[in-house]
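Engineer: Below are the structure tokens for one structure; questions will follow.
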Amino acid sequence: MQKSIKISAPVRLILAACLLFSLLTPAFVQADDVKTVRVGYYENEIFQEGAQEGAVKTGYAYEYYRKLAEYTGWKYEYVYGSFSDLYQMLLDGEIDLLAGLARKEDRVGLIGYPDAAMGHESYNLVKHEQDTEINADPVTLTGKKIGVMESAIVDTLNEFLDSHDVKAEVITFPDYDSLFAAFNAGELDVFAGEGDSGFSVENAVILYSFGTSDYYLTVNKQRPDLLEQLNTAQTLLATEEPNYLNSLSTKYYSGSLASRAHSAAETEWLQSHSELRVGYLENYLPYSDTDENGQATGIVTDVTEQLLKSLNIDTLSVSYHGYENYDDMIADLVSGKVDTAFPVGGGLYYSEESGIYQTNPVVSAATEIVFRGEFKVDDMSHFAVNENNRMQYYYVRTHFPDAEITFYPSANDCLDAVAAGKEDATTLNGLRANDMLKNTRYESLSLLQLSQSDDRCYGVAMGSEGLLKLLNRGINVLGVDYGQNQAYRYADGLYSYTFFDLVRQHLGIFILGILAVAAAIISLLIRDNRRSRTQIREKETARTELEENNRKLEESRQALLENNEIIASAGFGVWHIILEDGKAPRMRGNTKMIELLGITGQDMTEEEVYDFWFSRIDEDAISSVQKSVSEMLEGKLSENTYLWEHPERGMIYVRCGGTAEALDEHTHHLSGYHSDVTELVRAEQEKQKALSDALIAAEHANHA
């Protein structure tokens with residue numbers, strides 16, 4: 001008699017999940033199981049390019065093929081031709097895959113469609129910008145020549161024209177290159193194309209969309225095995241990287257015709273304006289400021305000029321108008337004294353209250369809270385806010401609604417108030433915070449990154465629909481990283497060194513300066529000494545002068561020995577490196593230097609000392625050290641902190657600095673200092689970890 005085994009519901013659920021996972025997970029592809037798949041590859045702007053043997057391949061579809069291969073293990077064999085030729089080859093079984101086909105019922109029995117599309121597109125009608133006869137009314141297409149690529153879009157276009165009883169001449173083209181060439185040459189009145197096409201079209205305006213469609217990576221009907229693998233790969237891709245198709249579309253189609261062509265409202269705004277007046281906030285680098293020549297500087301100028309260039313707008317001159325106060329800038333924007341303002345922020349609610357629209361973010365950065373002492377969320381109840389930057393007020397009011405706010409004339413005054421203990425905290429935009437706090441006067445302050453980011457946008461007055469759309473279009477074309485990348489060009493303007501800062505932060509360079517002065521004195525005295533000896537041979541009466549020079553030389557040598565002892569007592573070793581063409585580098589050092597290298601008592605040549613030091617530099621730091629050497633050879637003072645393997649203590653942090661002088665055209669003498677800063681570096685690392693732990697604790701407390 002057989003016994004039945006009862007399985008509990010939880011166990012059945014686990015077993016079912018394991019079975020499903022085993023079905024969805026493709027087996028590891030062995031080298032001898034790799035399938036060669038024939039891909040029909042036609043030239044299509046941005047979608048897939050490089051349709052010839054040996055050409056570099058790029059594009060949306062090409063990258064999609066490579067991503068699928070990560071799941072299927074397919075090896076591709078590319079077959080080149082026109083779209084129509086390759087489609088026929090797919091029907092005849094001569095290729096296995098063909099991308100970019102819409103799903104049509106009459107094709108389902110002829111080719112294999114996977115369950116998921118590889119993309120989505122809209123079909124647009126596009127006219128010449130200067131053509132005033134054709135407008136949004138389909139009737140104005142009557143009698144016009146409409147170009148379209150020979151594909152599924154032809155049927156959709158004809159259906160649209162029939163539905164509006166429009167009689168137009170539809171001309172088909174084998175590829176987009178010939179279609180766009182005919183349009184640019186004026187041989188066509190209108191062309192129909194996908195929304196993500198048209199990169200090379202000149203002076204075009206989108207009329208409207210006349211249809212949409214998903215498009216697929218289709219499969220040879222005789223290869224159900226490939227279709228099954230494709231479905232599995234697409235399912236796994238959607239599960240593991242759900243935003244993959246969106247990111248791929250953004251990567252390749254941010255500059256498409258749909259992104260760059262002007263709408264009617266944008267065209268109207270451009271036709272009625274010859275100048276773009278940009279208001280900007282002063283004293284707000286890297287975003288915006290006025291330089292010593294009275295000119296606008298910062299991200300505002302870079303983004304504005306590149307934005308217009310990306311949209312091929314050359315009819316607008318740009319003027320910049322600086323404001324010390326954010327509220328004054330917004331008031332002039334609303335009253336029409338400027339067309340747009342940058343940066344604006346604070347979110348949709350405050351922009352509505354101000355009577356403006358915000359564009360898409362130009363830069364989105366984290367906000368840092370600045371405080372003194374130990375961070376405790378409950379203690380952050382009094383905030384210092386810059387009275388000239390309303391965006392900071394909006395942020396604090398939104399995210400710390402119960403905080404008491406005190407206004408100060410500038411961001412530096414806010415930091416001074418926190419440093420002096422008058423206020424608990426202030427905030428700084430993430431692109432400004434680290435560089436502003438480099439100033440030594442703020443060394444008592446700490447930073448903690450908040451979880452809420454803060455967008456910086458252009459602002460336009462309500463009602464300026466055309467300009468708003470233009471700016472948003474340009475921002476999309478530039479991409480999300482452009483403004484952020486430009487920000488680092490202006491970091492130096494956020495802090496200034498006093499002489500005290502210079503001494504404290506570059507103590508090593510000052511030591512090098514002392515050494516250089518001492519070396520110069522010795523060099524001069526040696527020269528005088530030689531000259532004196534020559535004079536002695538010529539005149540006996542010069543002996544007194546020679547003795548005096550010798551005395552001065554001895555005093556200078558004694559002073560140099562005393563300086564060397566002072567430097568050694570401070571933990572600094574002094575080194576010298578000789579670089580001579582055709583010879584191995586040589587290195588020597590004082591007693592402290594030999595001690596820091598851990599080779600005291602070892603009988604090593606100068607070449608061996610150099611090899612010992614250089615061979616123990618951490619691999620990741622070699623390029624940085626070599627860069628410092630190059631700067632020294634250029635006559636600069638250079639300082640560097642890097643990891644070095646001590647023979648007894650293991651990996652330590654050392655700080656070296658130095659300079660160089662050319663002894664002749666083949667020989668350079670480098671000299672400088674060397675110190676162990678391991679404790680300083682690790683103390684800073686522990687401080688940063690403590691700050692991070694505090695933030696985590698604060699967030700746990702908020703959720704408790």
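To be explicit about the labels: the chains of the structure tokens are called A, B, and onward in the order shown, and within each one the residues are counted from 1, while ligands get numbers from 1 in the order they are shown.
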For A:Gln358, please output as a PDB file with N, CA and C atoms, in the first residue's frame all residues within 7 Å (counting only C-alpha atoms; exclusion window: fewer than 3 positions along the same chain).
Structural biologist:
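Wrote it out as result24.pdb, contents follow:
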ATOM      1  N   SER A 351       6.938  77.971  -6.093  1.00  0.00           N
ATOM      2  CA  SER A 351       6.969  78.610  -7.403  1.00  0.00           C
ATOM      3  C   SER A 351       5.587  79.134  -7.767  1.00  0.00           C
ATOM      4  N   CYS A 457      16.676  75.110 -11.041  1.00  0.00           N
ATOM      5  CA  CYS A 457      16.018  75.163 -12.333  1.00  0.00           C
ATOM      6  C   CYS A 457      16.086  76.576 -12.906  1.00  0.00           C
ATOM      7  N   TYR A 458      15.670  76.713 -14.164  1.00  0.00           N
ATOM      8  CA  TYR A 458      15.320  78.019 -14.697  1.00  0.00           C
ATOM      9  C   TYR A 458      13.900  78.338 -14.251  1.00  0.00           C
ATOM     10  N   GLY A 459      13.584  79.622 -14.131  1.00  0.00           N
ATOM     11  CA  GLY A 459      12.230  80.048 -13.854  1.00  0.00           C
ATOM     12  C   GLY A 459      11.739  80.949 -14.967  1.00  0.00           C
ATOM     13  N   VAL A 460      10.458  80.834 -15.299  1.00  0.00           N
ATOM     14  CA  VAL A 460       9.829  81.758 -16.247  1.00  0.00           C
ATOM     15  C   VAL A 460       8.517  82.220 -15.639  1.00  0.00           C
TER      16      VAL A 460
END
Engineer: State, in Å with one decimal place, the distance from atom CA of A:Gly345 to atom CA of A:Tyr394.
Structural biologist: 8.2 Å
Engineer: Which polymer residues have any atom within 10 Å of an atom of A:Tyr280, counting only C-alpha atoms, with same-chain residues fewer than 4 positions away left out, as a list in words?
Structural biologist: Tyr284, Tyr287, Ser288, Asp289, Thr290, Ala296, Thr297, Gly298, Val300, Thr301, Tyr320, His321, Gly322, Tyr323, Glu324, Asn325, Tyr326, Met329, Ile330, Val338, Thr340, Ala341, Phe342, Pro343, Val344 and Tyr458 of chain A
Engineer: Can you list, as number ranges by chain, every protein, DNA or RNA residue that comes within 9 Å of A:Gln486 when you count only C-alpha atoms, leaving out same-chain residues fewer than 5 positions away?
Structural biologist: A: 286, 298-299, 302-303, 481
Engineer: Take the residues from that selection and put them in a file with all heavy atoms, as a tab-separated table (two decimals), in the first residue's frame.
Structural biologist:
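Saved the output as result.tsv:
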chain	number	residue	atom	x	y	z
A	286	PRO	N	28.72	77.37	-7.49
A	286	PRO	CA	29.07	77.33	-8.90
A	286	PRO	C	27.92	77.68	-9.84
A	286	PRO	O	28.09	77.64	-11.05
A	286	PRO	CB	29.48	75.87	-9.10
A	286	PRO	CG	28.60	75.12	-8.15
A	286	PRO	CD	28.49	76.01	-6.93
A	298	GLY	N	29.67	81.17	-14.07
A	298	GLY	CA	29.04	80.03	-13.41
A	298	GLY	C	28.26	79.16	-14.38
A	298	GLY	O	28.27	79.36	-15.60
A	299	ILE	N	27.55	78.19	-13.82
A	299	ILE	CA	26.77	77.25	-14.62
A	299	ILE	C	25.78	77.99	-15.51
A	299	ILE	O	25.47	77.55	-16.62
A	299	ILE	CB	26.02	76.26	-13.70
A	299	ILE	CG1	27.00	75.38	-12.94
A	299	ILE	CG2	25.06	75.39	-14.50
A	299	ILE	CD1	26.34	74.48	-11.93
A	302	ASP	N	27.25	78.67	-18.94
A	302	ASP	CA	27.57	77.45	-19.68
A	302	ASP	C	26.30	76.78	-20.20
A	302	ASP	O	26.20	76.41	-21.37
A	302	ASP	CB	28.33	76.47	-18.79
A	302	ASP	CG	29.66	77.02	-18.33
A	302	ASP	OD1	30.22	77.86	-19.05
A	302	ASP	OD2	30.13	76.62	-17.25
A	303	VAL	N	25.32	76.60	-19.31
A	303	VAL	CA	24.11	75.87	-19.68
A	303	VAL	C	23.28	76.67	-20.68
A	303	VAL	O	22.77	76.13	-21.66
A	303	VAL	CB	23.29	75.53	-18.43
A	303	VAL	CG1	21.95	74.92	-18.83
A	303	VAL	CG2	24.05	74.56	-17.54
A	481	ASP	N	23.47	65.18	-16.67
A	481	ASP	CA	24.80	65.33	-16.08
A	481	ASP	C	25.52	66.60	-16.50
A	481	ASP	O	26.54	66.95	-15.91
A	481	ASP	CB	25.68	64.12	-16.44
A	481	ASP	CG	25.14	62.82	-15.85
A	481	ASP	OD1	24.55	62.89	-14.77
A	481	ASP	OD2	25.31	61.77	-16.48
Engineer: Could you tell me which of A:Leu237, A:Gly373, A:Arg588, A:Val139 comes closest to A:Ser163 if we count only C-alpha atoms?
Structural biologist: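 Answer, going by the shortest atom-to-atom distance: A:Val139.
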Engineer: Using backbone DSSP assignments, extract all strand (DSSP E or B) residues from stretch 568-670 of chain A; output them as a VMD selection string.
Structural biologist: chain A and resid 572 to 580 586 to 589 617 638 to 646 650 to 664 667 to 670
Engineer: Can you pull out every residue within 12 Å of A:Ser82, counting only C-alpha atoms, but drop anything in the same chain fewer than 5 positions away, and send it as a list in words?
Structural biologist: Gly40, Tyr41, Tyr42, Glu43, Asn44, Ala51, Gln52, Tyr87, Gln88, Met89, Leu98, Met149, Glu150, Ser151, Phe173, Pro174, Asp175, Tyr176 and Asp177 of chain A
Engineer: Write the residues you've just listed into a file as a compact mmCIF listing (two decimals), in the first residue's frame, and include N, CA and C atoms for each of them.
Structural biologist:
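Just written: out-v8.txt:
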# COMPACT_ATOMS: atom_id res chain seq x y z
N GLY A 40 19.66 40.55 -38.93
CA GLY A 40 19.49 41.48 -40.04
C GLY A 40 19.81 42.89 -39.58
N TYR A 41 20.85 43.51 -40.16
CA TYR A 41 21.34 44.79 -39.65
C TYR A 41 21.28 45.83 -40.78
N TYR A 42 20.31 46.75 -40.68
CA TYR A 42 20.14 47.81 -41.67
C TYR A 42 20.52 49.15 -41.04
N GLU A 43 20.97 50.08 -41.86
CA GLU A 43 21.37 51.40 -41.37
C GLU A 43 20.13 52.21 -41.02
N ASN A 44 20.06 52.70 -39.78
CA ASN A 44 18.94 53.53 -39.33
C ASN A 44 19.49 54.49 -38.28
N ALA A 51 26.23 49.73 -40.53
CA ALA A 51 25.71 48.58 -41.28
C ALA A 51 26.60 48.23 -42.46
N GLN A 52 27.83 47.92 -42.19
CA GLN A 52 28.73 47.40 -43.21
C GLN A 52 29.88 46.67 -42.52
N TYR A 87 13.81 42.15 -44.50
CA TYR A 87 12.49 41.60 -44.12
C TYR A 87 12.15 40.37 -44.95
N GLN A 88 12.45 40.45 -46.24
CA GLN A 88 12.20 39.29 -47.10
C GLN A 88 13.09 38.12 -46.69
N MET A 89 14.34 38.42 -46.30
CA MET A 89 15.25 37.36 -45.84
C MET A 89 14.73 36.72 -44.56
N LEU A 98 15.33 40.29 -36.67
CA LEU A 98 15.21 41.59 -37.33
C LEU A 98 14.50 42.54 -36.37
N MET A 149 9.43 56.46 -44.89
CA MET A 149 10.26 55.29 -45.13
C MET A 149 9.38 54.07 -45.35
N GLU A 150 9.80 53.21 -46.26
CA GLU A 150 9.03 52.02 -46.59
C GLU A 150 9.06 51.03 -45.42
N SER A 151 8.01 51.08 -44.61
CA SER A 151 7.91 50.23 -43.42
C SER A 151 6.46 50.24 -42.97
N PHE A 173 10.55 55.85 -49.34
CA PHE A 173 12.01 55.85 -49.47
C PHE A 173 12.56 54.59 -48.81
N PRO A 174 13.66 54.06 -49.32
CA PRO A 174 14.20 52.81 -48.76
C PRO A 174 14.85 52.98 -47.39
N ASP A 175 15.28 54.21 -47.07
CA ASP A 175 15.93 54.45 -45.78
C ASP A 175 15.76 55.91 -45.39
N TYR A 176 16.13 56.20 -44.13
CA TYR A 176 15.95 57.56 -43.63
C TYR A 176 16.94 58.55 -44.25
N ASP A 177 18.12 58.08 -44.60
CA ASP A 177 19.10 59.00 -45.19
C ASP A 177 18.55 59.66 -46.45
Engineer: Find the residue from A:Asn203, A:Ile509, A:Glu443, A:Glu194 that sits nearest to A:Thr267; use only C-alpha atoms when measuring.
Structural biologist: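 Selected residue with least distance to A:Thr267: A:Asn203.
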Engineer: Which residues come within 12 Å of A:Arg649, counting only C-alpha atoms, excluding same-chain residues fewer than 2 positions away, as a ChimeraX atom specification?
Structural biologist: /A:596-598,644-647,651-653,676,678
Engineer: Looking at only C-alpha atoms, which of A:Ser354, A:Ser451, A:Ser213, A:Thr36 is the one that sits closest to A:Ala366?
Structural biologist: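 Comparing A:Ser354, A:Ser451, A:Ser213, A:Thr36 against A:Ala366, the winner is A:Ser451.
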Engineer: Between A:Arg223, A:Arg390, A:Lys251, A:Lys689, which is the closest to A:Tyr60 once you count only C-alpha atoms?
Structural biologist: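 Counting only C-alpha atoms, the residue closest to A:Tyr60 is A:Lys251.
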